[in-house]
file work-v2.txt (compact mmCIF, C-alpha atoms)
# COMPACT_ATOMS: atom_id res chain seq x y z
CA MET A 44 -41.83 74.57 128.04
CA SER A 45 -41.69 71.90 130.65
CA THR A 46 -44.59 69.50 130.79
CA LYS A 47 -43.34 67.38 133.64
CA THR A 48 -46.05 65.80 135.74
CA GLN A 49 -45.90 64.58 139.31
CA THR A 50 -48.05 61.79 140.68
CA LEU A 51 -50.19 62.25 143.76
CA ASN A 52 -49.37 58.82 145.16
CA GLY A 53 -45.65 59.47 145.64
CA PRO A 54 -44.13 59.84 149.11
CA GLN A 55 -43.94 63.61 148.65
CA ASP A 56 -47.73 63.79 148.88
CA LYS A 57 -48.17 61.69 152.04
CA LEU A 58 -49.60 63.36 155.12
CA SER A 59 -48.34 62.50 158.57
CA ASP A 60 -49.15 65.53 160.72
CA LYS A 61 -49.17 64.59 164.40
CA ALA A 62 -51.28 67.56 165.51
CA ASN A 63 -54.80 66.69 166.69
CA PHE A 64 -56.50 69.23 164.49
CA GLY A 65 -59.95 68.34 165.84
CA SER A 66 -59.03 68.76 169.50
CA LYS A 67 -61.75 70.29 171.70
CA ASN A 68 -59.17 71.62 174.15
CA SER A 69 -57.74 74.35 171.93
CA LYS A 70 -57.69 77.90 173.29
CA SER A 71 -60.14 80.39 171.79
CA GLY A 72 -57.44 82.12 169.72
CA LYS A 73 -56.39 78.87 168.11
CA GLU A 74 -60.04 77.95 167.52
CA SER A 75 -60.45 81.24 165.62
CA LEU A 76 -57.36 80.50 163.52
CA LYS A 77 -58.69 77.03 162.78
CA LYS A 78 -61.96 78.54 161.57
CA ILE A 79 -60.15 80.93 159.25
CA PHE A 80 -57.96 78.08 158.01
CA GLU A 81 -60.94 75.81 157.33
CA GLU A 82 -62.88 78.54 155.52
CA LEU A 83 -59.90 79.41 153.33
CA LEU A 84 -59.31 75.72 152.61
CA GLN A 85 -62.94 75.27 151.54
CA ASP A 86 -62.86 78.46 149.47
CA THR A 87 -59.66 77.38 147.71
CA TYR A 88 -61.06 73.93 147.03
CA ASN A 89 -64.13 75.38 145.35
CA ALA A 90 -61.92 77.77 143.39
CA GLU A 91 -59.86 74.88 142.04
CA LYS A 92 -63.01 72.91 141.16
CA GLN A 93 -64.33 75.88 139.20
CA LEU A 94 -61.00 76.22 137.42
CA ILE A 95 -61.06 72.58 136.32
CA LYS A 96 -64.29 73.30 134.45
CA ALA A 97 -63.04 76.57 132.94
CA LEU A 98 -59.54 75.66 131.72
CA PRO A 99 -60.55 73.36 128.82
CA GLU A 100 -62.75 76.12 127.41
CA ALA A 101 -59.94 78.65 127.76
CA ALA A 102 -57.47 76.29 126.05
CA LYS A 103 -59.86 75.73 123.16
CA ALA A 104 -60.28 79.48 122.72
CA THR A 105 -56.57 80.23 122.28
CA TYR A 106 -54.86 81.15 119.02
CA ASN A 107 -51.24 80.64 120.12
CA GLU A 108 -50.22 76.98 120.46
CA TYR A 109 -47.87 77.67 123.38
CA LEU A 110 -50.65 79.35 125.30
CA GLN A 111 -52.93 76.41 124.58
CA ASP A 112 -50.24 74.03 125.86
CA ALA A 113 -49.86 76.14 129.01
CA PHE A 114 -53.58 76.01 129.74
CA GLU A 115 -53.73 72.27 129.09
CA HIS A 116 -50.70 71.66 131.29
CA HIS A 117 -52.21 73.72 134.10
CA PHE A 118 -55.47 71.82 133.73
CA GLU A 119 -53.59 68.62 134.60
CA GLN A 120 -51.85 70.38 137.49
CA THR A 121 -55.17 71.71 138.79
CA LYS A 122 -56.62 68.21 138.92
CA ARG A 123 -53.69 67.23 141.16
CA HIS A 124 -54.25 70.34 143.28
CA VAL A 125 -57.83 69.21 143.91
CA GLU A 126 -56.63 65.72 144.84
CA ARG A 127 -54.13 67.14 147.32
CA LEU A 128 -56.80 69.30 148.92
CA GLU A 129 -59.10 66.27 149.21
CA LYS A 130 -56.32 64.36 150.99
CA ILE A 131 -56.01 67.25 153.43
CA PHE A 132 -59.76 67.38 154.07
CA ASP A 133 -59.79 63.65 154.76
CA HIS A 134 -56.69 63.69 156.94
CA LEU A 135 -57.83 66.63 159.09
CA LYS A 136 -61.47 65.47 159.08
CA ILE A 137 -62.71 68.79 157.70
CA ASP A 138 -65.91 69.04 155.67
CA LYS A 139 -65.34 70.23 152.10
CA GLY A 140 -68.26 72.64 152.37
CA ASN A 141 -70.53 73.76 149.58
CA GLU A 142 -69.89 77.49 149.42
CA THR A 143 -69.01 79.07 146.08
CA CYS A 144 -65.73 80.96 145.82
CA GLU A 145 -67.08 84.26 144.53
CA ALA A 146 -63.63 85.61 143.72
CA MET A 147 -62.86 82.74 141.35
CA GLU A 148 -66.38 82.92 139.95
CA GLY A 149 -65.75 86.55 139.01
CA LEU A 150 -62.35 85.81 137.49
CA ILE A 151 -63.76 82.99 135.37
CA LYS A 152 -66.65 85.22 134.28
CA GLU A 153 -64.02 87.64 132.96
CA VAL A 154 -62.40 84.85 130.93
CA LYS A 155 -65.76 83.89 129.43
CA GLU A 156 -66.51 87.51 128.53
CA ILE A 157 -63.17 87.74 126.72
CA ILE A 158 -64.01 84.62 124.72
CA ASP A 159 -67.45 85.99 123.84
CA GLU A 160 -66.30 89.50 122.94
CA HIS A 161 -63.22 88.69 120.83
CA ASP A 162 -62.74 86.53 117.77
CA LYS A 163 -60.13 83.78 118.02
CA SER A 164 -56.95 85.76 117.40
CA ILE A 165 -53.64 86.82 118.88
CA VAL A 166 -55.41 89.85 120.36
CA ARG A 167 -57.82 87.58 122.26
CA ASP A 168 -54.77 85.71 123.57
CA VAL A 169 -53.39 88.95 125.03
CA ALA A 170 -56.59 89.39 127.04
CA LEU A 171 -56.71 85.70 128.01
CA ILE A 172 -53.19 85.83 129.43
CA ILE A 173 -54.07 88.88 131.51
CA ALA A 174 -57.17 87.14 132.88
CA ALA A 175 -55.26 83.90 133.50
CA GLN A 176 -52.54 85.69 135.44
CA LYS A 177 -55.19 87.32 137.62
CA VAL A 178 -56.36 83.78 138.43
CA GLU A 179 -52.81 82.67 139.21
CA HIS A 180 -52.16 85.64 141.47
CA TYR A 181 -55.35 84.91 143.40
CA GLU A 182 -54.28 81.28 143.86
CA ILE A 183 -50.75 82.28 144.83
CA ALA A 184 -52.20 84.52 147.57
CA ALA A 185 -54.54 81.77 148.76
CA TYR A 186 -51.89 79.06 148.98
CA GLY A 187 -49.37 81.42 150.56
CA SER A 188 -51.90 82.18 153.29
CA LEU A 189 -52.73 78.50 153.76
CA ILE A 190 -49.03 77.73 154.23
CA GLU A 191 -48.67 80.39 156.93
CA LEU A 192 -51.78 79.23 158.79
CA ALA A 193 -50.76 75.58 158.54
CA ASP A 194 -47.35 76.44 159.99
CA VAL A 195 -48.91 78.30 162.92
CA LEU A 196 -51.30 75.41 163.60
CA GLY A 197 -48.48 72.86 163.59
CA LEU A 198 -49.58 71.17 160.36
CA ASN A 199 -46.11 70.82 158.88
CA LYS A 200 -46.82 68.04 156.38
CA THR A 201 -49.97 69.81 155.24
CA ALA A 202 -47.93 72.97 154.73
CA ASP A 203 -45.52 70.95 152.58
CA LEU A 204 -48.38 69.97 150.25
CA PHE A 205 -49.47 73.57 149.99
CA GLU A 206 -45.87 74.51 149.18
CA ARG A 207 -45.84 72.08 146.26
CA THR A 208 -49.02 73.53 144.85
CA LEU A 209 -47.82 77.09 145.40
CA SER A 210 -44.65 76.27 143.46
CA GLU A 211 -46.72 75.01 140.53
CA GLU A 212 -48.95 78.09 140.58
CA LYS A 213 -45.86 80.32 140.47
CA GLU A 214 -44.42 78.21 137.64
CA THR A 215 -47.62 78.71 135.62
CA ASP A 216 -47.56 82.45 136.25
CA PHE A 217 -43.93 82.59 135.05
CA ILE A 218 -44.76 80.59 131.91
CA LEU A 219 -47.67 82.92 131.12
CA SER A 220 -45.35 85.93 131.52
CA GLU A 221 -42.88 84.36 129.09
CA ILE A 222 -45.60 83.64 126.52
CA ALA A 223 -47.03 87.15 126.94
CA GLN A 224 -43.81 88.72 125.71
CA SER A 225 -44.08 87.16 122.25
CA VAL A 226 -47.90 87.28 122.09
CA ASN A 227 -48.01 90.98 122.95
CA ASP A 228 -45.31 91.79 120.38
CA GLU A 229 -47.16 89.84 117.70
CA ALA A 230 -50.45 91.52 118.54
CA TYR A 231 -48.81 94.94 118.34
CA GLU A 232 -47.28 94.18 114.95
CA GLU A 233 -50.70 93.19 113.62
CA SER A 234 -52.46 96.27 115.01
CA PRO A 235 -53.43 99.04 112.57
CA ALA A 236 -50.97 101.94 112.68
CA GLU A 237 -53.76 104.46 113.41
CA LEU A 238 -54.47 102.74 116.73
CA GLU A 239 -51.04 103.61 118.10
CA TYR A 240 -50.86 106.18 120.91
CA LYS A 241 -49.12 109.45 120.20
CA SER A 242 -46.51 110.42 122.76

call {"tool": "encode", "arguments": {"input": "work-v2.txt", "output": "structure tokens"}}
result
Amino acid sequence: MSTKTQTLNGPQDKLSDKANFGSKNSKSGKESLKKIFEELLQDTYNAEKQLIKALPEAAKATYNEYLQDAFEHHFEQTKRHVERLEKIFDHLKIDKGNETCEAMEGLIKEVKEIIDEHDKSIVRDVALIIAAQKVEHYEIAAYGSLIELADVLGLNKTADLFERTLSEEKETDFILSEIAQSVNDEAYEESPAELEYKS
């Protein structure tokens, strides 16, 4: 599994959008789009901040070493995702807000319930992967939407940053799917025969 890291300070992370995002002369339709964009940006930022706190606990709770590595690797990625979002807030002069992303809060609650309800085992890992992929799919949807809105608003360089993060979210989802194949097989082999479904 790749553990390549990319630094935030490289040229690929520089913002140089020419659009005056704070212009007071925008038409009402564009103002509405800007509001949706800003709210989604703030929501996604809070989601990533919540995830930074949750990933170390999830990694510690794993039984499979490859799953632990995947969570630890994504923890490092998520810290970069937060840094990119902060660059965007600063560049576009948007307030970070203080609203809680309730969707991510619910997804993380599910992870914590799995940890509480299952002993550390391969079976717990099956449930953790499912919960983690729900998180990834939520983030993939969020960043995909941010890219589309940024494109419409003329924020091409900002869209490029979102694209980089989206690529990393998709990579993590793919890695989790790969790990799930072996984890699920191992969990099935360890399950009592009487628990099998009859076809």

call {"tool": "closest_residue", "arguments": {"input": "work-v2.txt", "among": "A:Leu83, A:Ile137, A:Ala184, A:Met147", "to": "A:Ile95", "atoms": "only C-alpha atoms"}}
result
A:Met147

call {"tool": "closest_atom_pairs", "arguments": {"input": "work-v2.txt", "of": "stretch 70-162 of chain A", "to": "stretch 203-207 of chain A", "cutoff": "12 Å", "atoms": "only C-alpha atoms", "output": "Markdown table"}}
result
| residue | atom | partner | partner_atom | distance |
| --- | --- | --- | --- | --- |
| A:Leu84 | CA | A:Phe205 | CA | 10.4 |
| A:Thr87 | CA | A:Phe205 | CA | 11.1 |
| A:Tyr88 | CA | A:Phe205 | CA | 12.0 |
| A:Gln120 | CA | A:Arg207 | CA | 10.8 |
| A:Thr121 | CA | A:Arg207 | CA | 12.0 |
| A:Arg123 | CA | A:Arg207 | CA | 10.5 |
| A:His124 | CA | A:Phe205 | CA | 8.8 |
| A:Val125 | CA | A:Phe205 | CA | 11.2 |
| A:Glu126 | CA | A:Leu204 | CA | 10.7 |
| A:Arg127 | CA | A:Leu204 | CA | 7.0 |
| A:Leu128 | CA | A:Phe205 | CA | 8.6 |
| A:Glu129 | CA | A:Leu204 | CA | 11.4 |
| A:Lys130 | CA | A:Leu204 | CA | 9.8 |
| A:Ile131 | CA | A:Leu204 | CA | 8.7 |

call {"tool": "residues_around", "arguments": {"input": "work-v2.txt", "residues": "A:Ile158", "least_positions_apart": "6", "cutoff": "10 Å", "atoms": "only C-alpha atoms", "output": "number ranges by chain"}}
result
A: 100-101, 103-105, 152, 167-168, 170-171

call {"tool": "residues_near_point", "arguments": {"input": "work-v2.txt", "point": "(-52.7, 83.1, 163.1)", "cutoff": "12 Å", "atoms": "only C-alpha atoms", "output": "ChimeraX atom specification"}}
result
/A:71-80,188-197

call {"tool": "closest_residue", "arguments": {"input": "work-v2.txt", "among": "A:Asp112, A:Glu91, A:Glu160, A:Glu81", "to": "A:Glu182", "atoms": "only C-alpha atoms"}}
result
A:Glu91

call {"tool": "atom_distance", "arguments": {"input": "work-v2.txt", "atom1": "atom CA of A:Lys155", "atom2": "atom CA of A:Ala97"}}
result
8.6 Å

call {"tool": "axis_aligned_box", "arguments": {"input": "work-v2.txt", "around": "stretch 132-141 of chain A", "padding_each_side": "6 Å", "output": "lines of an AutoDock Vina configuration file"}}
result
center_x = -63.6
center_y = 68.7
center_z = 154.3
size_x = 25.8
size_y = 22.1
size_z = 21.5

call {"tool": "closest_residue", "arguments": {"input": "work-v2.txt", "among": "A:Glu119, A:Leu135, A:Phe217, A:Glu82", "to": "A:Lys200", "atoms": "all atoms listed in the file"}}
result
A:Leu135

call {"tool": "residues_around", "arguments": {"input": "work-v2.txt", "residues": "stretch 226-228 of chain A", "least_positions_apart": "2", "cutoff": "8 Å", "atoms": "only C-alpha atoms", "output": "list in words"}}
result
Asn107, Ile165, Val166, Asp168, Val169, Ile222, Ala223, Gln224, Ala230, Tyr231 and Glu232 of chain A

call {"tool": "atom_distance", "arguments": {"input": "work-v2.txt", "atom1": "atom CA of A:Phe114", "atom2": "atom CA of A:Ala185"}}
result
19.9 Å

call {"tool": "atom_distance", "arguments": {"input": "work-v2.txt", "atom1": "atom CA of A:Gln85", "atom2": "atom CA of A:Lys139"}}
result
5.6 Å

call {"tool": "closest_residue", "arguments": {"input": "work-v2.txt", "among": "A:Leu198, A:Cys144, A:Ala102, A:Ala90", "to": "A:Glu179", "atoms": "all atoms listed in the file"}}
result
A:Ala90

call {"tool": "decode", "arguments": {"input": "work-v2.txt", "residues": "stretch 170-197 of chain A", "atoms": "N, CA and C atoms", "output": "JSON list (two decimals), in the first residue's frame"}}
result
[["chain", "number", "residue", "atom", "x", "y", "z"],
["A", 170, "ALA", "N", -16.75, -4.24, 10.51],
["A", 170, "ALA", "CA", -17.68, -3.13, 10.78],
["A", 170, "ALA", "C", -16.98, -1.78, 10.66],
["A", 171, "LEU", "N", -15.72, -1.70, 11.08],
["A", 171, "LEU", "CA", -14.99, -0.43, 10.98],
["A", 171, "LEU", "C", -14.77, -0.02, 9.53],
["A", 172, "ILE", "N", -14.50, -0.98, 8.67],
["A", 172, "ILE", "CA", -14.31, -0.66, 7.25],
["A", 172, "ILE", "C", -15.61, -0.12, 6.65],
["A", 173, "ILE", "N", -16.72, -0.76, 6.99],
["A", 173, "ILE", "CA", -18.01, -0.29, 6.49],
["A", 173, "ILE", "C", -18.25, 1.15, 6.92],
["A", 174, "ALA", "N", -18.03, 1.43, 8.20],
["A", 174, "ALA", "CA", -18.24, 2.78, 8.72],
["A", 174, "ALA", "C", -17.28, 3.77, 8.08],
["A", 175, "ALA", "N", -16.03, 3.37, 7.89],
["A", 175, "ALA", "CA", -15.03, 4.25, 7.29],
["A", 175, "ALA", "C", -15.37, 4.57, 5.85],
["A", 176, "GLN", "N", -15.90, 3.59, 5.12],
["A", 176, "GLN", "CA", -16.25, 3.86, 3.73],
["A", 176, "GLN", "C", -17.48, 4.77, 3.63],
["A", 177, "LYS", "N", -18.36, 4.70, 4.61],
["A", 177, "LYS", "CA", -19.47, 5.67, 4.65],
["A", 177, "LYS", "C", -18.91, 7.09, 4.79],
["A", 178, "VAL", "N", -17.90, 7.24, 5.63],
["A", 178, "VAL", "CA", -17.24, 8.54, 5.80],
["A", 178, "VAL", "C", -16.63, 9.00, 4.48],
["A", 179, "GLU", "N", -15.91, 8.08, 3.82],
["A", 179, "GLU", "CA", -15.26, 8.45, 2.55],
["A", 179, "GLU", "C", -16.28, 8.85, 1.50],
["A", 180, "HIS", "N", -17.39, 8.12, 1.42],
["A", 180, "HIS", "CA", -18.39, 8.44, 0.41],
["A", 180, "HIS", "C", -19.03, 9.80, 0.68],
["A", 181, "TYR", "N", -19.21, 10.12, 1.95],
["A", 181, "TYR", "CA", -19.72, 11.46, 2.29],
["A", 181, "TYR", "C", -18.73, 12.53, 1.83],
["A", 182, "GLU", "N", -17.45, 12.32, 2.10],
["A", 182, "GLU", "CA", -16.44, 13.31, 1.72],
["A", 182, "GLU", "C", -16.30, 13.40, 0.21],
["A", 183, "ILE", "N", -16.39, 12.28, -0.47],
["A", 183, "ILE", "CA", -16.32, 12.28, -1.93],
["A", 183, "ILE", "C", -17.46, 13.12, -2.51],
["A", 184, "ALA", "N", -18.66, 12.98, -1.95],
["A", 184, "ALA", "CA", -19.80, 13.78, -2.41],
["A", 184, "ALA", "C", -19.57, 15.25, -2.13],
["A", 185, "ALA", "N", -19.05, 15.57, -0.94],
["A", 185, "ALA", "CA", -18.83, 16.97, -0.57],
["A", 185, "ALA", "C", -17.81, 17.63, -1.48],
["A", 186, "TYR", "N", -16.67, 16.97, -1.69],
["A", 186, "TYR", "CA", -15.63, 17.59, -2.52],
["A", 186, "TYR", "C", -16.03, 17.64, -3.99],
["A", 187, "GLY", "N", -16.78, 16.64, -4.45],
["A", 187, "GLY", "CA", -17.27, 16.69, -5.82],
["A", 187, "GLY", "C", -18.17, 17.89, -6.03],
["A", 188, "SER", "N", -19.02, 18.16, -5.05],
["A", 188, "SER", "CA", -19.92, 19.32, -5.14],
["A", 188, "SER", "C", -19.15, 20.63, -5.05],
["A", 189, "LEU", "N", -18.14, 20.69, -4.20],
["A", 189, "LEU", "CA", -17.32, 21.90, -4.09],
["A", 189, "LEU", "C", -16.59, 22.19, -5.40],
["A", 190, "ILE", "N", -16.13, 21.15, -6.06],
["A", 190, "ILE", "CA", -15.45, 21.33, -7.36],
["A", 190, "ILE", "C", -16.41, 21.95, -8.37],
["A", 191, "GLU", "N", -17.62, 21.42, -8.46],
["A", 191, "GLU", "CA", -18.59, 21.93, -9.43],
["A", 191, "GLU", "C", -18.95, 23.38, -9.13],
["A", 192, "LEU", "N", -19.17, 23.71, -7.87],
["A", 192, "LEU", "CA", -19.50, 25.09, -7.51],
["A", 192, "LEU", "C", -18.33, 26.03, -7.77],
["A", 193, "ALA", "N", -17.12, 25.58, -7.44],
["A", 193, "ALA", "CA", -15.95, 26.41, -7.69],
["A", 193, "ALA", "C", -15.78, 26.69, -9.18],
["A", 194, "ASP", "N", -16.03, 25.69, -10.00],
["A", 194, "ASP", "CA", -15.94, 25.88, -11.45],
["A", 194, "ASP", "C", -16.95, 26.92, -11.93],
["A", 195, "VAL", "N", -18.18, 26.81, -11.46],
["A", 195, "VAL", "CA", -19.23, 27.75, -11.87],
["A", 195, "VAL", "C", -18.89, 29.18, -11.44],
["A", 196, "LEU", "N", -18.28, 29.31, -10.25],
["A", 196, "LEU", "CA", -17.95, 30.63, -9.71],
["A", 196, "LEU", "C", -16.63, 31.18, -10.23],
["A", 197, "GLY", "N", -15.99, 30.45, -11.13],
["A", 197, "GLY", "CA", -14.74, 30.93, -11.72],
["A", 197, "GLY", "C", -13.52, 30.76, -10.84]]
